[in-house]
Amino acid sequence: MVKPYVYVTRKLPDIIISRLRKRYEVEIWPEEEIPVPRKLLLEKVKTADALISVISDKLDEELFSHATQLRVAANMAVGYDNIDLAAASRHQIAVCNTPDVLTDTTADLTFALLLATARRMIEAADFVKQNQWKSWSPMQLVGVDVHHKTIGIVGMGKIGTAVAKRAAGFDMDIIYHNRSRHEVAEEMLGARYCTFDELLEQADFVICLAPLTEQTKGLFQREHFQKMKKDAIFINASRGPIINERALLEALQAGEIAAAGLDVFEQEPIAANHPLLALDNIVALPHIGSATKETRLAMMEVCCDNLDAIFDGRPPKTLVNKDLLSFRS
Ligand code: DGY
């Protein structure tokens with residue numbers, strides 16, 4: 001029997017490739033750091049039955065129209081803003097993501113980023129490594145407290161709720177803004193629903209965890225940073241384009257907010273000479289929210305499970321375009 005052909009757009013560990021090879025004909029873009037060139041990807045999808053993709057791959061109408069055999073695109077991320085879902089559905093291609101398995105890991109990173117920014121940990125670590133530490137000094141590298149402050153979470157989904165749990169452990173007041181009320185977080189964690197503006201005005205830490213959609217693109221503009229407290233710290237662990245980065249830069253330069261911790265950027269990777277990176281009050285990370293060995297392997301296993309479901313004729317567990325009711329056999 002001819003095995004279905006799977007194209008994998010980024011190097012994956014051997015253990016995952018071995019699993020895939022048992023059932024599929026597998027071809028892998030061999031690079032870890034360099035994305036598969038668009039032209040090559042368009043060529044590969046012409047004969048692929050399945051695709052394992054990552055967030056830097058743009059899966060759009062052009063790509064899907066080349067993919068005459070493709071039955072599933074398993075995206076190794078919870079976010080799927082790199083995929084035109086309507087186009088996938090038009091072409092009867094199932095799109096799957098990797099929710100749940102990365103919730104706690106991403107919440108850990110988000111909270112770590114908050115702590116690192118508030119306590120100036122990267123700056124302090126560099127200070128030691130660069131041999132600048134000459135003596136203990138009362139006001140040297142002082143940050144701000146996190147415990148007992150107010151955290152404002154924009155986007156109270158699974159990761160937002162997991163961040164709120166961590167905040168409760170730090171005795172923080174938790175406020176949130178979301179499309180809908182989150183009764184469990186309100187009851188269990190004492191989280192209080194606010195309008196967007198109320199949250200901006202009241203939070204000491206504003207945490208962006210909303211998904212990138214047409215509605216959230218450019219959600220944070222200059223006026224929103226101006227509404228925040230002057231000593232507020234802004235954290236983004238969701239998607240860069242939710243923020244107008246120039247507005248954030250200007251707000252930081254003008255002292256309208258105190259600092260920012262960013263795991264995501266409008267353009268990734270961010271250019272090394274980007275003016276944001278020149279600021280002392282920025283902690284910048286290379287989109288590592290879900291980057292632990294355990295979680296990345298779990299995400300890859302979810303992708304494999306979804307492929308297996310499709311080729312067994314079962315509905316995949318984490319199908320995103322749920323309008324797709326029947327799969328091509
Ligand atoms: C996600 O899962 O959406 C992350 O941003 C990529 O790890």
# chains A, B, ... in the order shown; residues from 1 in each chain; ligands from 1
>>> residues_near_ligand(ligand="ligand 1", cutoff="6 Å", atoms="only C-alpha atoms and all ligand atoms", output="PDB file with N, CA and C atoms, in the first residue's frame")
ATOM      1  N   ALA A  77       1.372  24.750  16.806  1.00  0.00           N
ATOM      2  CA  ALA A  77       1.159  25.953  17.621  1.00  0.00           C
ATOM      3  C   ALA A  77      -0.309  25.971  18.017  1.00  0.00           C
ATOM      4  N   VAL A  78      -0.596  26.692  19.085  1.00  0.00           N
ATOM      5  CA  VAL A  78      -2.021  26.877  19.389  1.00  0.00           C
ATOM      6  C   VAL A  78      -2.594  27.961  18.473  1.00  0.00           C
ATOM      7  N   GLY A  79      -1.774  28.976  18.175  1.00  0.00           N
ATOM      8  CA  GLY A  79      -2.203  30.063  17.291  1.00  0.00           C
ATOM      9  C   GLY A  79      -2.176  29.594  15.842  1.00  0.00           C
ATOM     10  N   GLY A 289       7.526  31.073  24.178  1.00  0.00           N
ATOM     11  CA  GLY A 289       6.457  30.760  25.142  1.00  0.00           C
ATOM     12  C   GLY A 289       6.289  29.281  25.431  1.00  0.00           C
ATOM     13  N   SER A 290       6.273  28.476  24.395  1.00  0.00           N
ATOM     14  CA  SER A 290       6.021  27.037  24.588  1.00  0.00           C
ATOM     15  C   SER A 290       7.302  26.211  24.521  1.00  0.00           C
TER      16      SER A 290
END
>>> residues_around(residues="range 241-252 of chain A", least_positions_apart="5", cutoff="8 Å", atoms="only C-alpha atoms", output="PyMOL selection string")
chain A and resi 212+216-222+225-226+257-259+265-266+275-276+281
>>> closest_residue(among="A:Val26, A:Cys304, A:Ile175, A:Ile235", to="Leu262 in chain A", atoms="only C-alpha atoms")
A:Ile235
>>> residues_around(residues="range 67-73 of chain A", least_positions_apart="4", cutoff="6 Å", atoms="only C-alpha atoms", output="ChimeraX atom specification")
/A:45-46,48-52,93-95
>>> write_last_selection(atoms="all heavy atoms", output="short mmCIF file (atom, residue, chain, number, x, y, z; two decimals), in the first residue's frame")
data_model
loop_
_atom_site.label_atom_id
_atom_site.label_comp_id
_atom_site.auth_asym_id
_atom_site.auth_seq_id
_atom_site.Cartn_x
_atom_site.Cartn_y
_atom_site.Cartn_z
N VAL A 45 3.90 21.02 -1.60
CA VAL A 45 2.49 20.76 -1.28
C VAL A 45 1.71 20.21 -2.48
O VAL A 45 0.62 19.68 -2.30
CB VAL A 45 1.74 21.99 -0.71
CG1 VAL A 45 2.27 22.38 0.65
CG2 VAL A 45 1.72 23.15 -1.67
N LYS A 46 2.30 20.32 -3.66
CA LYS A 46 1.61 19.80 -4.85
C LYS A 46 1.34 18.30 -4.71
O LYS A 46 0.35 17.79 -5.19
CB LYS A 46 2.47 20.01 -6.10
CG LYS A 46 2.34 21.40 -6.68
CD LYS A 46 3.12 21.48 -7.98
CE LYS A 46 3.19 22.91 -8.47
NZ LYS A 46 4.25 23.09 -9.44
N ALA A 48 1.90 16.61 -1.56
CA ALA A 48 1.77 16.20 -0.15
C ALA A 48 0.33 15.83 0.18
O ALA A 48 -0.62 16.47 -0.28
CB ALA A 48 2.24 17.33 0.76
N ASP A 49 0.20 14.77 1.02
CA ASP A 49 -1.12 14.41 1.55
C ASP A 49 -1.33 15.10 2.89
O ASP A 49 -2.46 15.29 3.32
CB ASP A 49 -1.21 12.89 1.75
CG ASP A 49 -1.05 12.15 0.43
OD1 ASP A 49 -1.90 12.34 -0.44
OD2 ASP A 49 -0.04 11.42 0.26
N ALA A 50 -0.23 15.42 3.55
CA ALA A 50 -0.32 16.09 4.85
C ALA A 50 0.87 17.01 5.02
O ALA A 50 1.94 16.77 4.45
CB ALA A 50 -0.33 15.05 5.97
N LEU A 51 0.64 18.04 5.80
CA LEU A 51 1.69 19.02 6.04
C LEU A 51 1.81 19.21 7.55
O LEU A 51 0.78 19.33 8.24
CB LEU A 51 1.24 20.34 5.40
CG LEU A 51 2.22 21.47 5.22
CD1 LEU A 51 3.32 21.06 4.24
CD2 LEU A 51 1.48 22.70 4.66
N ILE A 52 3.04 19.19 8.07
CA ILE A 52 3.24 19.64 9.45
C ILE A 52 3.95 20.98 9.34
O ILE A 52 5.06 21.07 8.81
CB ILE A 52 4.05 18.62 10.28
CG1 ILE A 52 3.26 17.31 10.38
CG2 ILE A 52 4.34 19.20 11.68
CD1 ILE A 52 3.85 16.25 11.29
N ILE A 93 -9.47 21.16 3.25
CA ILE A 93 -8.25 20.76 3.97
C ILE A 93 -8.45 21.02 5.46
O ILE A 93 -8.79 22.14 5.87
CB ILE A 93 -7.02 21.54 3.44
CG1 ILE A 93 -6.77 21.13 1.98
CG2 ILE A 93 -5.79 21.30 4.30
CD1 ILE A 93 -5.87 22.07 1.21
N ALA A 94 -8.25 19.99 6.25
CA ALA A 94 -8.41 20.13 7.70
C ALA A 94 -7.21 20.89 8.26
O ALA A 94 -6.06 20.62 7.89
CB ALA A 94 -8.49 18.76 8.35
N VAL A 95 -7.48 21.84 9.16
CA VAL A 95 -6.41 22.56 9.85
C VAL A 95 -6.48 22.18 11.32
O VAL A 95 -7.55 22.25 11.93
CB VAL A 95 -6.57 24.09 9.68
CG1 VAL A 95 -5.56 24.84 10.54
CG2 VAL A 95 -6.44 24.49 8.21
#
>>> residues_around(residues="range 6-10 of chain A", least_positions_apart="2", cutoff="9 Å", atoms="only C-alpha atoms", output="list in words")
Pro4, Leu12, Leu20, Tyr24, Glu25, Val26, Glu27, Ile28, Trp29, Pro30, Glu31, Glu32, Glu33, Ile34, Pro35, Val36, Leu41, Lys44, Val45, Ala48, Asp49, Ala50, Leu51, Ile52, Ser53, Val54 and Asp57 of chain A
>>> closest_atom_pairs(of="range 78-168 of chain A", to="range 183-205 of chain A", cutoff="9 Å", atoms="only C-alpha atoms", output="CSV")
residue,atom,partner,partner_atom,distance
A:Leu114,CA,A:Phe205,CA,7.8
A:Val146,CA,A:Phe205,CA,8.5
A:Lys149,CA,A:Asp204,CA,6.3
A:Thr150,CA,A:Ala203,CA,5.1
A:Ile151,CA,A:Phe205,CA,4.8
A:Gly152,CA,A:Ala203,CA,5.0
A:Ile153,CA,A:Leu199,CA,8.1
A:Val154,CA,A:Phe196,CA,7.8
A:Met156,CA,A:Ala185,CA,8.6
A:Thr161,CA,A:Ala185,CA,6.6
A:Ala164,CA,A:Leu189,CA,7.3
A:Lys165,CA,A:Leu189,CA,6.8
A:Ala168,CA,A:Leu189,CA,6.5
>>> closest_residue(among="A:Thr213, A:Thr105, A:Asn273, A:Gln253", to="Glu294 in chain A", atoms="only C-alpha atoms")
A:Thr105
>>> closest_residue(among="A:Thr117, A:His274, A:His66, A:Asp308", to="Lys22 in chain A", atoms="only C-alpha atoms")
A:Asp308
>>> atom_distance(atom1="CA of Ile233 in chain A", atom2="CA of Ala271 in chain A")
22.8 Å
>>> select_by_dssp(residues="range 182-219 of chain A", states="strand (DSSP E or B)", output="count of residues only")
6
>>> residues_around(residues="Ala298 in chain A", least_positions_apart="2", cutoff="10 Å", atoms="only C-alpha atoms", output="list in words")
Met76, Thr98, Asp100, Val101, Leu102, Thr292, Lys293, Glu294, Thr295, Arg296, Met300, Glu301, Val302, Cys303 and Cys304 of chain A
>>> write_last_selection(atoms="C-alpha atoms", output="PDB file, in the first residue's frame")
ATOM      1  CA  MET A  76       2.601  23.114  15.543  1.00  0.00           C
ATOM      2  CA  THR A  98      -1.892  22.140  19.424  1.00  0.00           C
ATOM      3  CA  ASP A 100      -3.857  22.509  25.942  1.00  0.00           C
ATOM      4  CA  VAL A 101      -0.452  20.791  25.941  1.00  0.00           C
ATOM      5  CA  LEU A 102       1.292  24.180  25.959  1.00  0.00           C
ATOM      6  CA  THR A 292      10.391  23.391  26.754  1.00  0.00           C
ATOM      7  CA  LYS A 293      11.493  19.921  25.666  1.00  0.00           C
ATOM      8  CA  GLU A 294       8.429  18.322  27.205  1.00  0.00           C
ATOM      9  CA  THR A 295       5.958  20.715  25.660  1.00  0.00           C
ATOM     10  CA  ARG A 296       7.496  20.900  22.208  1.00  0.00           C
ATOM     11  CA  MET A 300       4.640  17.353  17.887  1.00  0.00           C
ATOM     12  CA  GLU A 301       2.803  14.281  19.192  1.00  0.00           C
ATOM     13  CA  VAL A 302      -0.491  16.174  18.883  1.00  0.00           C
ATOM     14  CA  CYS A 303       0.362  16.925  15.240  1.00  0.00           C
ATOM     15  CA  CYS A 304       1.088  13.210  14.646  1.00  0.00           C
TER      16      CYS A 304
END
>>> closest_residue(among="A:Pro37, A:Gly169, A:Pro269, A:Pro13", to="Leu297 in chain A", atoms="only C-alpha atoms")
A:Pro13
>>> residues_around(residues="Asp108 in chain A", least_positions_apart="6", cutoff="9 Å", atoms="only C-alpha atoms", output="ChimeraX atom specification")
/A:162-163,166,289
>>> write_last_selection(atoms="all heavy atoms", output="mmCIF file, in the first residue's frame")
data_model
loop_
_atom_site.group_PDB
_atom_site.id
_atom_site.type_symbol
_atom_site.label_atom_id
_atom_site.label_comp_id
_atom_site.auth_asym_id
_atom_site.auth_seq_id
_atom_site.Cartn_x
_atom_site.Cartn_y
_atom_site.Cartn_z
ATOM 1 N N ALA A 162 -4.357 30.409 33.180
ATOM 2 C CA ALA A 162 -3.195 29.788 33.840
ATOM 3 C C ALA A 162 -2.247 30.862 34.394
ATOM 4 O O ALA A 162 -1.636 30.673 35.450
ATOM 5 C CB ALA A 162 -2.469 28.878 32.852
ATOM 6 N N VAL A 163 -2.152 32.000 33.713
ATOM 7 C CA VAL A 163 -1.340 33.110 34.239
ATOM 8 C C VAL A 163 -2.025 33.673 35.498
ATOM 9 O O VAL A 163 -1.363 33.974 36.501
ATOM 10 C CB VAL A 163 -1.138 34.213 33.170
ATOM 11 C CG1 VAL A 163 -0.549 35.482 33.774
ATOM 12 C CG2 VAL A 163 -0.225 33.698 32.057
ATOM 13 N N ARG A 166 -1.179 31.681 38.496
ATOM 14 C CA ARG A 166 0.156 31.998 39.011
ATOM 15 C C ARG A 166 0.115 33.323 39.767
ATOM 16 O O ARG A 166 0.741 33.475 40.821
ATOM 17 C CB ARG A 166 1.165 32.045 37.852
ATOM 18 C CG ARG A 166 1.531 30.621 37.396
ATOM 19 C CD ARG A 166 1.810 30.505 35.920
ATOM 20 N NE ARG A 166 2.137 29.131 35.537
ATOM 21 C CZ ARG A 166 1.226 28.155 35.345
ATOM 22 N NH1 ARG A 166 -0.075 28.415 35.490
ATOM 23 N NH2 ARG A 166 1.605 26.935 35.012
ATOM 24 N N GLY A 289 7.526 31.073 24.178
ATOM 25 C CA GLY A 289 6.457 30.760 25.142
ATOM 26 C C GLY A 289 6.289 29.281 25.431
ATOM 27 O O GLY A 289 6.186 28.862 26.580
#
>>> residues_around(residues="Asp280 in chain A", least_positions_apart="2", cutoff="10 Å", atoms="only C-alpha atoms", output="short mmCIF file (atom, residue, chain, number, x, y, z; two decimals) with all heavy atoms, in the first residue's frame")
data_model
loop_
_atom_site.label_atom_id
_atom_site.label_comp_id
_atom_site.auth_asym_id
_atom_site.auth_seq_id
_atom_site.Cartn_x
_atom_site.Cartn_y
_atom_site.Cartn_z
N ARG A 120 14.18 43.39 36.68
CA ARG A 120 15.33 43.76 35.85
C ARG A 120 16.38 42.63 35.79
O ARG A 120 17.59 42.88 35.86
CB ARG A 120 15.94 45.06 36.36
CG ARG A 120 14.94 46.19 36.36
CD ARG A 120 15.44 47.43 37.05
NE ARG A 120 16.61 48.01 36.41
CZ ARG A 120 17.29 49.05 36.89
NH1 ARG A 120 16.88 49.62 38.01
NH2 ARG A 120 18.35 49.50 36.27
N ILE A 122 17.40 40.48 33.47
CA ILE A 122 18.35 40.33 32.33
C ILE A 122 19.47 41.37 32.46
O ILE A 122 20.66 41.07 32.31
CB ILE A 122 17.62 40.48 30.98
CG1 ILE A 122 16.38 39.58 30.92
CG2 ILE A 122 18.56 40.24 29.80
CD1 ILE A 122 16.62 38.10 31.06
N GLU A 123 19.03 42.60 32.77
CA GLU A 123 19.99 43.69 32.98
C GLU A 123 20.96 43.33 34.11
O GLU A 123 22.18 43.53 34.00
CB GLU A 123 19.16 44.90 33.45
CG GLU A 123 19.41 46.20 32.77
CD GLU A 123 18.55 47.27 33.44
OE1 GLU A 123 17.32 47.04 33.61
OE2 GLU A 123 19.10 48.31 33.81
N ALA A 259 8.12 49.93 31.53
CA ALA A 259 8.95 48.90 30.89
C ALA A 259 8.05 47.95 30.11
O ALA A 259 6.82 47.99 30.25
CB ALA A 259 9.71 48.11 31.96
N ALA A 260 8.67 47.12 29.31
CA ALA A 260 7.90 46.10 28.57
C ALA A 260 8.71 44.81 28.47
O ALA A 260 9.94 44.83 28.34
CB ALA A 260 7.56 46.61 27.17
N LEU A 276 13.58 49.40 19.50
CA LEU A 276 13.07 48.86 20.79
C LEU A 276 14.19 48.15 21.56
O LEU A 276 14.25 48.21 22.78
CB LEU A 276 11.98 47.82 20.51
CG LEU A 276 10.51 48.25 20.55
CD1 LEU A 276 9.62 47.07 20.21
CD2 LEU A 276 10.11 48.83 21.91
N LEU A 277 15.04 47.46 20.79
CA LEU A 277 16.08 46.65 21.44
C LEU A 277 17.18 47.52 22.07
O LEU A 277 17.99 47.04 22.86
CB LEU A 277 16.69 45.66 20.45
CG LEU A 277 15.72 44.67 19.82
CD1 LEU A 277 16.47 43.67 18.93
CD2 LEU A 277 14.93 43.91 20.88
N ALA A 278 17.19 48.80 21.70
CA ALA A 278 18.20 49.69 22.26
C ALA A 278 17.78 50.22 23.64
O ALA A 278 18.58 50.84 24.35
CB ALA A 278 18.44 50.86 21.30
N ILE A 282 13.48 47.20 28.29
CA ILE A 282 12.82 46.18 27.47
C ILE A 282 13.47 44.83 27.76
O ILE A 282 14.70 44.72 27.78
CB ILE A 282 13.04 46.51 25.97
CG1 ILE A 282 12.00 47.47 25.48
CG2 ILE A 282 13.03 45.29 25.12
CD1 ILE A 282 10.69 46.81 25.11
N VAL A 283 12.64 43.82 27.98
CA VAL A 283 13.15 42.45 27.98
C VAL A 283 12.58 41.80 26.72
O VAL A 283 11.36 41.75 26.55
CB VAL A 283 12.73 41.67 29.24
CG1 VAL A 283 13.15 40.21 29.13
CG2 VAL A 283 13.34 42.31 30.49
#
>>> select_by_dssp(residues="range 29-220 of chain A", states="helix (DSSP H, G or I)", output="ChimeraX atom specification")
/A:38-44,61-66,85-90,103-118,121-129,158-169,183-189,196-202
>>> closest_residue(among="A:Thr110, A:Asn75, A:Ser135, A:Gln267", to="Thr318 in chain A", atoms="only C-alpha atoms")
A:Asn75
>>> atom_distance(atom1="CA of Leu285 in chain A", atom2="CA of Val264 in chain A")
7.3 Å
>>> closest_residue(among="A:His147, A:Lys158, A:Lys134, A:Arg239", to="Pro99 in chain A", atoms="only C-alpha atoms")
A:Lys158
>>> atom_distance(atom1="CA of Asn306 in chain A", atom2="CA of Ala74 in chain A")
7.0 Å
